[in-house]
Amino acid sequence: MAAREAFWNIGHVWVFYALAAIAVALFAAGCWRNIRIWRKGWVAKGSPGPRGVLPAMLKDVLANRKIARGDGIGLGGLAHFLLMWGFVFLFVGTVLLTIDHYVVGFLEGAVYRGYSRALDAFGMWMIVGLLLAGVRRYVIKRRKMVSDGLDFVILFGLLAIAVTGFLVEAFRIASFPASLAEPSPVGVFIAARLSGDTELGHRVLWWVHAALSLAFIAYLPFGKLFHLIAGPVNVAWATAPPEIVTLDERETLAGDFSRRHMIAFDACTRCNRCDTKCPSNISGEGLSPRGINQTLKAHVHEKYGFASLIGGLLKKHTDGPATEQAIAGDDAWMCTTCRACVEECPLTIDNLDIIRQVRTLKIEEGTQVPTMVAKTLESLFTHDNPYQLPAGKRGDWAEGLDVVDLSDGGQADMLYFVGCAASYDTRLQNVARSTVEVLGKLDVSFGIMGANESCCGDLARRLGEDGLVEEAVIRNYETFANCGIGEIVTTCPHSFKMFKDDYPLYREKLGITGGGGLTVRHSTQVLAALAGEGKLTFSRALGKRVTYHDPCYLGRHCGIYEPPRQVIRAIPEIDLVEMKRNRRNSFCCGGGGGRTWMEEFPATEKIAEIRVKEAIDVGAEVVITACPFCLSMLEDAAKTAGYEDRLEVKDIMELTAELI
Ligand code: SF4
Ligand code: SF4
C-alpha cells in the first residue's frame, strides 16, 4: 500500500532530533523575546479593541490584497501569494507527516495519494513564487525597492529548502523502481532522470534539506520573517480605533511606545512601499516612515531584548529614552500626516500614529521641538488659534453677513463650524463667507458660533500636544451642550475628522456626558445631498477644464471621494479630469500635520509644487479642492512654480458661490 517513509535510509536519527530540539528552542526563545518586547509597550485604559477583524484578515492576510494592489505590475503580489500559500500548505503537510509518524498513522492508500499530489503541487507553487519574487527583487525591480544580503539569503534559502525537498523525494523514488508509480508527479519526473548511487544521494540531500529547514525555523523570530506572526497580529489591531491616552494616564504609563507600536515595529518587513508614497520622501526632504520604523525597532530590541537581560555586559545595550538615542533629528516633524503610507503598507502599519507618538515624546522631552512648532503650540495655548491673533477676533470674518449666531441665543438646525484657518486667514475667510452665501441661498437652516467658536484641537492632536487636545474637546462639548448643537457641518476636513472620529473617543475616555450624539458632515456631503434632491442647481456655466484635488483628511482619512465630484459634475460646461494620483492615491498638498506652520525643510522640490504640476500635466485650468489648507498650499505653489497665469485654485464652496 502506498505510504510515506519518514526516515528510510537515514542513520543517526538522534542527530536530527538534537538539531531539531536546538532549532525549536531558538525559535521559542526568539518568540519569547519578541512577545516580551511587545508586552513592554503600554496599553491605554479602556482602549477599544479590534473591529471587523475577519474581513481585514481575509483581504490583507489571506488574499494579499494590498501587496498585489501596491505592486504596480502585479508580479510581486502574485509571487508573495504563491510562496505564502505554498509555504503554509507545505508546513501543514510536514505537521501531518509528523502526526502520521509519531501519533497515529493515517497517510495510507487514497489519503496518502491525495496528500502526496497536493504536497507536490504546493511545493511547485512555492518554487514558482520564489522565482517570481527573485525576478521582482533583482530583475524587474519595483521602484525604490531596497535589498540587502539578508534578503538574498532568505529568498535563496527558501528556494533551496523547496528544491532539496523535491530532490529528497526523487532520490527516494529512484532507489525503488516500483515507486515510479507513486502519486508524486514532480518527484517521479526527476527520479526518472536520476542514476548512480541514489541511496547516497537521498542521504546527503535529506540532511541538507533537514539542516536548511531547521535553520529556517531557528531564524524565523530573529529577522523580518517574523512578520509571518507579527503581520497578521498587526493587521488585526489596525482595525481598532486609535488609542487615546489622557495626560493623567500618561504619567502612569511606563515606556515610550504602546503595545500596538511594538507589534508594528516587528511586523514591518522594510519593503519600502511606504517611502515610495510619502510626499516628504518624494520631495527629497528625507522622511522615511520605513526608516523610522526600523530605527525604533532596533531601539526597542536593544532596550528590551536579550541585551537588556544581561545589561551593561553588552556595550551596545541602551536603556535610555527613544528621543535621545533613536529619533533625534527633524524627521518626525516632516510628516504631513497624509496617511499615504498607511494606505500603501501591505500590513497596514500605522506609521502616522507612530510618528505622532514620537512628536509627543519630543514635546514631553522639550528640547527637540522646532521653534515654529513651539510658537504655534504657544499660540494655541494663549489664543486658542495658531495665528497668534486674539481669540476675540475669531468671528470678525462674518462682519456684515446676515447669519445666525448660535452662541448668542440664535436658533438653527445645524452649526457651521468654521475652524481656525477660515476664521483668521484673510484669504481663507472667503471660504467661510462663500459657505454662508451658498447655504443661505439653498435655505439651509444653519448658524455659526462667531467669536465663541473654539479651535477643534486637530492641530494640537497632529503635533502630539495631548493636553491642548483634551482642553479643546472638553471646551467644545461644553459649548455644543450649552447651545443645543446636534448637527455640524464643516468646510475643513481636519475639523470634520476630529468631530467625527476623534471626539467620540475622547468623550468616552474623558467621561464627558454633555454635547454628544453629534451628526457631523463635511460641506461637500451637504452640497452633494442637496444636488441629489435637485435643490442645488447652477445658474452659470464654467466652460473650463478642472481637476479635483482630494484633501488627505477628507479622502484617505474619512473615505469621502465621490460627493465633491458629484457637485463638480453638476456644474454646467465643466470638463472634470483626474490627476494621475487621485482618490486614495491622491498626493498631499504638504500642509497637514502642522506643516503649514513650520519652516520649510530643505527639499529638491516642494510637495505642493509637485501637486500643481500634476494639475498642469492634465491641462487643468482650475484646481478645485475642499480644504482650506490645501487651498492655501496649492495657491502658493501655483505662484512659486510659475503657473499663476495658467492655474486657478479654488475651494469648492467658492466655486459654488460664484456659479449658483
Ligand atoms: S511600514 Fe509597511 S510599507 Fe513601510 S516598510 Fe514597513 S511593511 Fe513596508
Ligand atoms: S503620513 Fe504621509 S507624510 Fe507622514 S510618513 Fe506617512 S506618507 Fe509620509
# chains A, B, ... in the order shown; residues from 1 in each chain; ligands from 1
$ select_by_dssp --residues "segment 255-465 of chain A" --states "strand (DSSP E or B)" --output "list of chain:residue names"
A:Ser258, A:Val404, A:Asp405, A:Met414, A:Leu415, A:Tyr416, A:Phe417, A:Phe446, A:Gly447, A:Ile448
$ select_by_dssp --residues "segment 242-374 of chain A" --states "helix (DSSP H, G or I)" --output "number ranges by chain"
A: 247-252, 259-267, 273-277, 279-282, 289-304, 306-309, 311-313, 322-325, 331-334, 340-344, 351-365, 371-374
$ closest_residue --among "A:Met126, A:Leu468, A:Ala215, A:Leu159" --to "Phe27 of chain A" --atoms "only C-alpha atoms"
A:Ala215
$ residues_near_ligand --ligand "ligand 1" --cutoff "8 Å" --atoms "only C-alpha atoms and all ligand atoms" --output "list in words"
Ala264, Phe265, Ala267, Cys268, Thr269, Arg270, Cys271, Asn272, Arg273, Cys274, Asp275, Pro289, Arg290, Gly291, Asn293, Gln294, Cys341, Val342, Glu344, Cys345, Pro346, Leu347, Thr348, Ile349, Asp350 and Asn351 of chain A
$ atom_distance --atom1 "atom CA of Ala328 of chain A" --atom2 "atom CA of Gly286 of chain A"
14.0 Å
$ atom_distance --atom1 "atom CA of Phe166 of chain A" --atom2 "atom CA of Ala121 of chain A"
10.9 Å
$ residues_near_ligand --ligand "ligand 2" --cutoff "7 Å" --atoms "only C-alpha atoms and all ligand atoms" --output "PDB file with N, CA and C atoms, in the first residue's frame"
ATOM      1  N   CYS A 274       5.984  52.211   1.738  1.00  0.00           N
ATOM      2  CA  CYS A 274       5.539  53.461   2.359  1.00  0.00           C
ATOM      3  C   CYS A 274       6.371  54.640   1.856  1.00  0.00           C
ATOM      4  N   ASP A 275       7.677  54.446   1.777  1.00  0.00           N
ATOM      5  CA  ASP A 275       8.548  55.546   1.337  1.00  0.00           C
ATOM      6  C   ASP A 275       8.204  56.006  -0.076  1.00  0.00           C
ATOM      7  N   LYS A 277       5.433  56.312  -1.386  1.00  0.00           N
ATOM      8  CA  LYS A 277       4.210  57.121  -1.432  1.00  0.00           C
ATOM      9  C   LYS A 277       4.309  58.351  -0.549  1.00  0.00           C
ATOM     10  N   CYS A 278       5.354  58.428   0.251  1.00  0.00           N
ATOM     11  CA  CYS A 278       5.457  59.514   1.230  1.00  0.00           C
ATOM     12  C   CYS A 278       5.822  60.827   0.526  1.00  0.00           C
ATOM     13  N   PRO A 279       4.967  61.853   0.625  1.00  0.00           N
ATOM     14  CA  PRO A 279       5.257  63.111  -0.083  1.00  0.00           C
ATOM     15  C   PRO A 279       6.563  63.748   0.369  1.00  0.00           C
ATOM     16  N   SER A 280       6.861  63.618   1.657  1.00  0.00           N
ATOM     17  CA  SER A 280       8.101  64.212   2.153  1.00  0.00           C
ATOM     18  C   SER A 280       9.303  63.493   1.542  1.00  0.00           C
ATOM     19  N   ASN A 281       9.201  62.184   1.446  1.00  0.00           N
ATOM     20  CA  ASN A 281      10.291  61.399   0.854  1.00  0.00           C
ATOM     21  C   ASN A 281      10.428  61.723  -0.634  1.00  0.00           C
ATOM     22  N   LEU A 287      12.206  62.282   4.800  1.00  0.00           N
ATOM     23  CA  LEU A 287      11.470  61.450   5.758  1.00  0.00           C
ATOM     24  C   LEU A 287      11.286  60.047   5.185  1.00  0.00           C
ATOM     25  N   SER A 288      11.560  59.064   6.016  1.00  0.00           N
ATOM     26  CA  SER A 288      11.345  57.680   5.610  1.00  0.00           C
ATOM     27  C   SER A 288      10.549  56.980   6.704  1.00  0.00           C
ATOM     28  N   PRO A 289       9.241  56.764   6.486  1.00  0.00           N
ATOM     29  CA  PRO A 289       8.475  56.039   7.505  1.00  0.00           C
ATOM     30  C   PRO A 289       9.068  54.662   7.771  1.00  0.00           C
ATOM     31  N   MET A 334       8.591  66.280   9.738  1.00  0.00           N
ATOM     32  CA  MET A 334       8.358  66.399   8.292  1.00  0.00           C
ATOM     33  C   MET A 334       7.047  65.751   7.857  1.00  0.00           C
ATOM     34  N   CYS A 335       6.486  64.922   8.703  1.00  0.00           N
ATOM     35  CA  CYS A 335       5.297  64.160   8.313  1.00  0.00           C
ATOM     36  C   CYS A 335       4.091  65.084   8.140  1.00  0.00           C
ATOM     37  N   THR A 336       3.418  64.969   7.014  1.00  0.00           N
ATOM     38  CA  THR A 336       2.224  65.789   6.765  1.00  0.00           C
ATOM     39  C   THR A 336       0.961  65.079   7.251  1.00  0.00           C
ATOM     40  N   THR A 337       1.134  63.925   7.855  1.00  0.00           N
ATOM     41  CA  THR A 337       0.031  63.078   8.346  1.00  0.00           C
ATOM     42  C   THR A 337      -0.972  62.750   7.236  1.00  0.00           C
ATOM     43  N   CYS A 338      -0.445  62.563   6.025  1.00  0.00           N
ATOM     44  CA  CYS A 338      -1.325  62.382   4.860  1.00  0.00           C
ATOM     45  C   CYS A 338      -1.936  60.984   4.790  1.00  0.00           C
ATOM     46  N   ARG A 339      -1.370  60.039   5.491  1.00  0.00           N
ATOM     47  CA  ARG A 339      -1.859  58.661   5.573  1.00  0.00           C
ATOM     48  C   ARG A 339      -1.573  57.831   4.319  1.00  0.00           C
ATOM     49  N   ALA A 340      -0.778  58.355   3.406  1.00  0.00           N
ATOM     50  CA  ALA A 340      -0.483  57.584   2.196  1.00  0.00           C
ATOM     51  C   ALA A 340       0.283  56.309   2.545  1.00  0.00           C
ATOM     52  N   CYS A 341       1.158  56.404   3.546  1.00  0.00           N
ATOM     53  CA  CYS A 341       1.972  55.237   3.914  1.00  0.00           C
ATOM     54  C   CYS A 341       1.107  54.124   4.506  1.00  0.00           C
ATOM     55  N   VAL A 342       0.118  54.506   5.303  1.00  0.00           N
ATOM     56  CA  VAL A 342      -0.744  53.504   5.937  1.00  0.00           C
ATOM     57  C   VAL A 342      -1.579  52.807   4.863  1.00  0.00           C
ATOM     58  N   ASN A 351       2.093  54.131  10.545  1.00  0.00           N
ATOM     59  CA  ASN A 351       3.270  54.988  10.727  1.00  0.00           C
ATOM     60  C   ASN A 351       2.879  56.350  11.278  1.00  0.00           C
ATOM     61  N   LEU A 352       1.704  56.767  10.889  1.00  0.00           N
ATOM     62  CA  LEU A 352       1.189  58.069  11.300  1.00  0.00           C
ATOM     63  C   LEU A 352       1.090  58.151  12.825  1.00  0.00           C
TER      64      LEU A 352
END
$ closest_residue --among "A:Ala133, A:Leu26, A:Val153, A:Leu90" --to "Leu78 of chain A" --atoms "only C-alpha atoms"
A:Ala133
$ atom_distance --atom1 "atom CA of His383 of chain A" --atom2 "atom CA of Thr491 of chain A"
21.7 Å
$ closest_residue --among "A:Asn9, A:Gln525, A:Ser454, A:Thr239" --to "Glu199 of chain A" --atoms "only C-alpha atoms"
A:Asn9
$ residues_around --residues "Phe216 of chain A" --least-positions-apart "6" --cutoff "10 Å" --atoms "only C-alpha atoms" --output "list in words"
Ala23, Phe27, Ile154, Gly157, Leu158, Ile161, Ala210 and Leu225 of chain A
$ write_last_selection --atoms "N, CA and C atoms" --output "PDB file, in the first residue's frame"
ATOM      1  N   ALA A  23      16.790  23.904  17.246  1.00  0.00           N
ATOM      2  CA  ALA A  23      16.050  24.849  16.392  1.00  0.00           C
ATOM      3  C   ALA A  23      14.760  25.299  17.072  1.00  0.00           C
ATOM      4  N   PHE A  27      13.763  28.994  18.266  1.00  0.00           N
ATOM      5  CA  PHE A  27      12.500  29.580  17.803  1.00  0.00           C
ATOM      6  C   PHE A  27      11.682  30.068  19.006  1.00  0.00           C
ATOM      7  N   ILE A 154      17.569  34.897   2.525  1.00  0.00           N
ATOM      8  CA  ILE A 154      16.226  34.385   2.841  1.00  0.00           C
ATOM      9  C   ILE A 154      15.571  33.809   1.585  1.00  0.00           C
ATOM     10  N   GLY A 157      17.556  30.798   0.358  1.00  0.00           N
ATOM     11  CA  GLY A 157      17.479  29.746   1.379  1.00  0.00           C
ATOM     12  C   GLY A 157      16.152  29.007   1.266  1.00  0.00           C
ATOM     13  N   LEU A 158      15.062  29.779   1.112  1.00  0.00           N
ATOM     14  CA  LEU A 158      13.740  29.149   0.970  1.00  0.00           C
ATOM     15  C   LEU A 158      13.664  28.339  -0.322  1.00  0.00           C
ATOM     16  N   ILE A 161      15.385  25.127   0.231  1.00  0.00           N
ATOM     17  CA  ILE A 161      14.573  24.188   1.021  1.00  0.00           C
ATOM     18  C   ILE A 161      13.560  23.489   0.115  1.00  0.00           C
ATOM     19  N   ALA A 210      17.104  18.896   5.755  1.00  0.00           N
ATOM     20  CA  ALA A 210      16.765  18.993   7.187  1.00  0.00           C
ATOM     21  C   ALA A 210      17.499  20.168   7.833  1.00  0.00           C
ATOM     22  N   LEU A 225      11.424  37.726   8.787  1.00  0.00           N
ATOM     23  CA  LEU A 225      10.459  36.632   8.616  1.00  0.00           C
ATOM     24  C   LEU A 225       9.460  36.561   9.768  1.00  0.00           C
TER      25      LEU A 225
END
$ closest_residue --among "A:Ile327, A:Cys552, A:Ile652, A:Cys483" --to "Asn430 of chain A" --atoms "only C-alpha atoms"
A:Ile652
$ residues_around --residues "Gln566 of chain A" --least-positions-apart "6" --cutoff "9 Å" --atoms "only C-alpha atoms" --output "list in words"
Thr524, Leu527, Ala528, Ala531 and Gly532 of chain A
$ closest_residue --among "A:Pro551, A:Gly255, A:Pro628, A:Pro390" --to "Trp38 of chain A" --atoms "only C-alpha atoms"
A:Gly255
$ closest_residue --among "A:Ala178, A:Glu599, A:Ser308, A:Ile616" --to "Thr371 of chain A" --atoms "only C-alpha atoms"
A:Glu599
$ residues_around --residues "Gly594 of chain A" --least-positions-apart "6" --cutoff "7 Å" --atoms "only C-alpha atoms" --output "list in words"
Leu459, Arg462 and Leu463 of chain A
$ residues_around --residues "Leu380 of chain A" --least-positions-apart "5" --cutoff "10 Å" --atoms "only C-alpha atoms" --output "JSON list (two decimals) with C-alpha atoms, in the first residue's frame"
[["chain", "number", "residue", "atom", "x", "y", "z"],
["A", 374, "ALA", "CA", 6.83, 75.72, 19.81],
["A", 375, "LYS", "CA", 5.43, 79.13, 18.79],
["A", 385, "ASN", "CA", -5.65, 79.56, 17.41],
["A", 386, "PRO", "CA", -2.31, 79.02, 15.63],
["A", 387, "TYR", "CA", -2.25, 82.51, 14.04],
["A", 388, "GLN", "CA", -1.17, 84.39, 17.16],
["A", 389, "LEU", "CA", -4.30, 86.51, 16.85],
["A", 391, "ALA", "CA", -9.37, 84.76, 20.36],
["A", 455, "CYS", "CA", -10.28, 75.53, 17.96],
["A", 457, "GLY", "CA", -7.90, 70.64, 18.52],
["A", 459, "LEU", "CA", -3.52, 70.84, 15.03],
["A", 460, "ALA", "CA", -2.56, 70.02, 18.63],
["A", 468, "LEU", "CA", -4.29, 71.04, 24.34],
["A", 472, "ALA", "CA", -10.31, 71.67, 23.12]]
$ residues_around --residues "segment 537-541 of chain A" --least-positions-apart "2" --cutoff "6 Å" --atoms "only C-alpha atoms" --output "list in words"
Gly543, Ile571, Pro572, Glu573, Leu659 and Ile660 of chain A
